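Working notes, beginning with the structure itself.
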Amino acid sequence: MGFFSKLFGKSTEEEQKVADTLKVGIVIGSVRGGRNAEAVANWTLDFANKRNDENVEYEIVDLADYHLPLLGAPLSEAAQAEGEQAIKDWSEKMATYDGYIFVAPEYNHAVGGALKNALDYLKAEVANKVAGFVGYGSLGGVRAHENLRLILGELQVADVRTAVTFSLMTDFENMSEFKPADHHEANANGMLDQVVSWGRAFKTLRD
Ligand SMILES: Cc1cc2nc3c(=O)[nH]c(=O)nc-3n(C[C@H](O)[C@H](O)[C@H](O)COP(=O)(O)O)c2cc1C
């Protein structure tokens with residue numbers, strides 16, 4: 001009897017399924033009040049779920065839920081405990097995934113500060129895992145993606161080539177109501193295909 005069977009009384013088949021399930025976190029990379037990120041992340045989750053990828057679980061991870069302090073900033077005694085708990089929760093959550101889809105807006109031609117700060121807390125939790133990007137901005141958030149690729153390289157996260165790039169001008173009404181054009185679905189499928197296949201390959205590297 002294997003480890004999972006002893007713990008949960010599962011059959012070998014179920015045990016294998018647990019081991020095989022690929023967990024992908026869809027990270028909402030903006031904490032701004034009134035952010036567009038939430039609608040884009042929900043679209044991404046919905047789109048991913050509709051693909052019915054076998055043994056793949058997609059889940060939203062909302063950066064705004066964690067209230068992470070600025071890395072290294074001195075904190076009051078009261079804020080210290082809360083901050084440490086937030087960092088622990090964030091790190092532990094990110095460690096549970098095999099891959100990530102970063103929903104990343106572009107701020108001043110780069111990734112937003114909140115996401116950069118959150119990534120700076122991670123290392124072993126994300127190493128040898130895979131990432132895809134869904135972005136938005138005047139040019140589809142591509143400069144945020146390119147910036148993220150540099151950061152993720154240092155964290156040893158393998159980022160896939162194809163990204164989804166929503167335009168603030170044509171995929172949003174008044175730059176705030178998300179109305180994505182259908183043609184983005186091709187890139188969304190391409191990105192997810194590669195996140196899943198690379199995700200499985202990298203899983204064997206870590207097991
Ligand atoms: C400080 C700031 C800088 C921005 N810089 C850029 C930029 O360089 N390129 C771009 O395409 N959009 C830029 N934008 C527009 C944002 O991408 C847009 O507001 C987007 O909705 C932000 O994501 P969020 O709503 O999820 O927070 C900027 C917005 C702010 C507030």
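By order of appearance in the structure tokens: chains A, B, ..., then residues from 1 within every chain, and ligands from 1 in the order shown.
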
With a cut-off of 8 Å, could you pull out the residues of chain A touching ligand 1 and give me the nearest pair of atoms for each, distance in Å to one decimal, using only C-alpha atoms and all ligand atoms, ordered by chain and ascending number, as a tab-separated table?
residue	atom	partner	partner_atom_place_in_ligand_line	distance
A:Gly29	CA	ligand 1	26 (O)	7.2
A:Ser30	CA	ligand 1	27 (O)	4.9
A:Val31	CA	ligand 1	27 (O)	6.5
A:Arg32	CA	ligand 1	27 (O)	4.8
A:Gly33	CA	ligand 1	27 (O)	7.4
A:Gly34	CA	ligand 1	25 (O)	6.4
A:Arg35	CA	ligand 1	25 (O)	3.3
A:Asn36	CA	ligand 1	25 (O)	3.7
A:Ala37	CA	ligand 1	26 (O)	3.6
A:Glu38	CA	ligand 1	26 (O)	6.8
A:Ala104	CA	ligand 1	26 (O)	7.3
A:Pro105	CA	ligand 1	23 (O)	4.5
A:Glu106	CA	ligand 1	17 (O)	4.3
A:Tyr107	CA	ligand 1	5 (N)	3.5
A:Asn108	CA	ligand 1	8 (O)	3.3
A:His109	CA	ligand 1	8 (O)	3.8
A:Ala110	CA	ligand 1	8 (O)	6.7
A:Tyr136	CA	ligand 1	17 (O)	6.2
A:Gly137	CA	ligand 1	11 (O)	3.4
A:Ser138	CA	ligand 1	11 (O)	3.6
A:Leu139	CA	ligand 1	11 (O)	5.4
A:Gly140	CA	ligand 1	11 (O)	6.6
A:Gly141	CA	ligand 1	11 (O)	5.7
A:Arg143	CA	ligand 1	9 (N)	7.7
A:Leu168	CA	ligand 1	21 (O)	7.2
A:Met175	CA	ligand 1	21 (O)	7.0
A:Ser176	CA	ligand 1	21 (O)	6.9

* To do: Would you list the contacts of region 177-180 of chain A as a PyMOL selection string, taking every protein, DNA or RNA residue within 8 Å and counting only C-alpha atoms, but skipping same-chain residues closer than 5 positions in sequence?
  => chain A and resi 36+39-40+166+170-172

Take the residues just selected and output them with C-alpha atoms as a PDB file, in the first residue's frame.
ATOM      1  CA  ASN A  36      -9.398  45.172 -14.576  1.00  0.00           C
ATOM      2  CA  ALA A  39     -12.416  40.236 -14.954  1.00  0.00           C
ATOM      3  CA  VAL A  40      -9.445  39.083 -17.038  1.00  0.00           C
ATOM      4  CA  PHE A 166      -5.681  42.045 -24.508  1.00  0.00           C
ATOM      5  CA  THR A 170     -10.353  47.192 -28.274  1.00  0.00           C
ATOM      6  CA  ASP A 171     -10.952  44.455 -25.669  1.00  0.00           C
ATOM      7  CA  PHE A 172     -12.390  46.806 -23.050  1.00  0.00           C
TER       8      PHE A 172
END

* Any idea what's packed within 12 Å of region 20-22 of chain A, counting only C-alpha atoms, ignoring anything in its chain fewer than 2 positions away? Could you give it as a ChimeraX atom specification? -> /A:13-18,24-25,53-59,96-100,129-130,195-204,207

* Contacts of region 65-77 of chain A at 12 Å or less, counting only C-alpha atoms, minus same-chain residues fewer than 2 places along, as a PyMOL selection string? -> chain A and resi 27-32+60-63+79-94+113-122

Selected residues written out, N, CA and C atoms, as a CSV table (one decimal), in the first residue's frame:
chain,number,residue,atom,x,y,z
A,27,VAL,N,-2.8,33.7,-11.3
A,27,VAL,CA,-2.4,34.8,-10.3
A,27,VAL,C,-3.0,36.1,-10.7
A,28,ILE,N,-3.8,36.7,-9.9
A,28,ILE,CA,-4.3,38.1,-10.2
A,28,ILE,C,-3.2,39.1,-9.8
A,29,GLY,N,-2.6,39.6,-10.8
A,29,GLY,CA,-1.3,40.4,-10.6
A,29,GLY,C,-1.5,41.9,-10.3
A,30,SER,N,-2.7,42.3,-9.9
A,30,SER,CA,-3.0,43.7,-9.5
A,30,SER,C,-3.8,43.7,-8.3
A,31,VAL,N,-3.5,44.7,-7.4
A,31,VAL,CA,-4.3,44.8,-6.2
A,31,VAL,C,-5.0,46.1,-6.2
A,32,ARG,N,-5.0,46.8,-7.3
A,32,ARG,CA,-5.6,48.2,-7.4
A,32,ARG,C,-7.1,48.1,-7.2
A,60,ILE,N,-7.9,30.3,-9.1
A,60,ILE,CA,-7.4,31.7,-9.0
A,60,ILE,C,-6.7,31.9,-7.7
A,61,VAL,N,-5.6,32.7,-7.8
A,61,VAL,CA,-4.8,33.1,-6.6
A,61,VAL,C,-4.9,34.6,-6.6
A,62,ASP,N,-5.5,35.2,-5.6
A,62,ASP,CA,-5.7,36.7,-5.7
A,62,ASP,C,-4.7,37.4,-4.8
A,63,LEU,N,-3.7,38.1,-5.4
A,63,LEU,CA,-2.7,38.8,-4.6
A,63,LEU,C,-3.3,39.7,-3.6
A,79,ALA,N,2.1,45.1,13.2
A,79,ALA,CA,2.0,44.7,11.7
A,79,ALA,C,3.0,43.6,11.4
A,80,GLN,N,4.0,43.4,12.2
A,80,GLN,CA,5.0,42.4,12.0
A,80,GLN,C,4.4,41.0,11.9
A,81,ALA,N,3.6,40.7,12.9
A,81,ALA,CA,3.1,39.3,13.0
A,81,ALA,C,2.1,39.1,11.8
A,82,GLU,N,1.3,40.1,11.5
A,82,GLU,CA,0.4,40.0,10.3
A,82,GLU,C,1.2,39.8,9.0
A,83,GLY,N,2.3,40.6,8.9
A,83,GLY,CA,3.1,40.6,7.7
A,83,GLY,C,3.7,39.2,7.5
A,84,GLU,N,4.3,38.7,8.6
A,84,GLU,CA,4.9,37.4,8.6
A,84,GLU,C,3.9,36.3,8.2
A,85,GLN,N,2.7,36.4,8.7
A,85,GLN,CA,1.7,35.4,8.4
A,85,GLN,C,1.3,35.5,6.9
A,86,ALA,N,1.2,36.7,6.4
A,86,ALA,CA,0.8,36.9,5.0
A,86,ALA,C,1.9,36.3,4.1
A,87,ILE,N,3.2,36.6,4.4
A,87,ILE,CA,4.3,36.0,3.6
A,87,ILE,C,4.2,34.5,3.6
A,88,LYS,N,4.0,33.9,4.8
A,88,LYS,CA,3.9,32.5,5.0
A,88,LYS,C,2.8,31.9,4.1
A,89,ASP,N,1.6,32.5,4.2
A,89,ASP,CA,0.4,32.1,3.5
A,89,ASP,C,0.7,32.1,2.0
A,90,TRP,N,1.2,33.2,1.5
A,90,TRP,CA,1.5,33.4,0.1
A,90,TRP,C,2.5,32.4,-0.4
A,91,SER,N,3.6,32.2,0.3
A,91,SER,CA,4.6,31.3,-0.1
A,91,SER,C,4.1,29.8,-0.1
A,92,GLU,N,3.3,29.5,0.9
A,92,GLU,CA,2.8,28.1,1.0
A,92,GLU,C,1.8,27.9,-0.2
A,93,LYS,N,1.0,28.9,-0.4
A,93,LYS,CA,0.0,28.8,-1.5
A,93,LYS,C,0.7,28.6,-2.9
A,94,MET,N,1.7,29.4,-3.1
A,94,MET,CA,2.4,29.3,-4.4
A,94,MET,C,3.1,28.0,-4.6
A,113,GLY,N,4.1,47.0,-9.5
A,113,GLY,CA,4.9,46.8,-8.2
A,113,GLY,C,4.4,45.7,-7.3
A,114,ALA,N,3.1,45.6,-7.2
A,114,ALA,CA,2.6,44.6,-6.2
A,114,ALA,C,3.0,43.2,-6.6
A,115,LEU,N,3.0,42.9,-7.9
A,115,LEU,CA,3.3,41.5,-8.4
A,115,LEU,C,4.9,41.3,-8.2
A,116,LYS,N,5.6,42.4,-8.5
A,116,LYS,CA,7.1,42.2,-8.4
A,116,LYS,C,7.4,42.0,-6.9
A,117,ASN,N,6.8,42.7,-6.0
A,117,ASN,CA,7.1,42.6,-4.6
A,117,ASN,C,6.7,41.2,-4.2
A,118,ALA,N,5.6,40.7,-4.6
A,118,ALA,CA,5.1,39.3,-4.2
A,118,ALA,C,6.1,38.3,-4.8
A,119,LEU,N,6.6,38.4,-6.0
A,119,LEU,CA,7.5,37.5,-6.5
A,119,LEU,C,8.8,37.5,-5.8
A,120,ASP,N,9.2,38.6,-5.3
A,120,ASP,CA,10.5,38.7,-4.5
A,120,ASP,C,10.5,37.9,-3.3
A,121,TYR,N,9.4,37.5,-2.8
A,121,TYR,CA,9.3,36.6,-1.6
A,121,TYR,C,9.5,35.1,-1.9
A,122,LEU,N,9.5,34.8,-3.2
A,122,LEU,CA,9.5,33.4,-3.6
A,122,LEU,C,10.9,32.9,-4.2

* Asked: If you run DSSP on the backbone, which residues of region 56-122 of chain A are strand (DSSP E or B), as a PyMOL selection string?
  -> chain A and resi 56-62+99-107+110-111

* Name the closest residue to Ala181 (chain A) among the candidates A:Val103, A:Trp43, A:Ala158, A:Leu150; distances are taken between atoms, counting only C-alpha atoms. =>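 That would be A:Trp43, the residue with the smallest distance to Ala181 (chain A).
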
* Looking only at the backbone, which of the residues in region 27-187 of chain A does DSSP tag as alpha helix (DSSP H), as a PyMOL selection string? -> chain A and resi 37-50+77-95+113-120+142-154+184-187

* Residues within 10 Å of Arg161 (chain A), only C-alpha atoms, excluding chain neighbours under 5 positions, as a PyMOL selection string -> chain A and resi 131-133+149+190-191+194-195
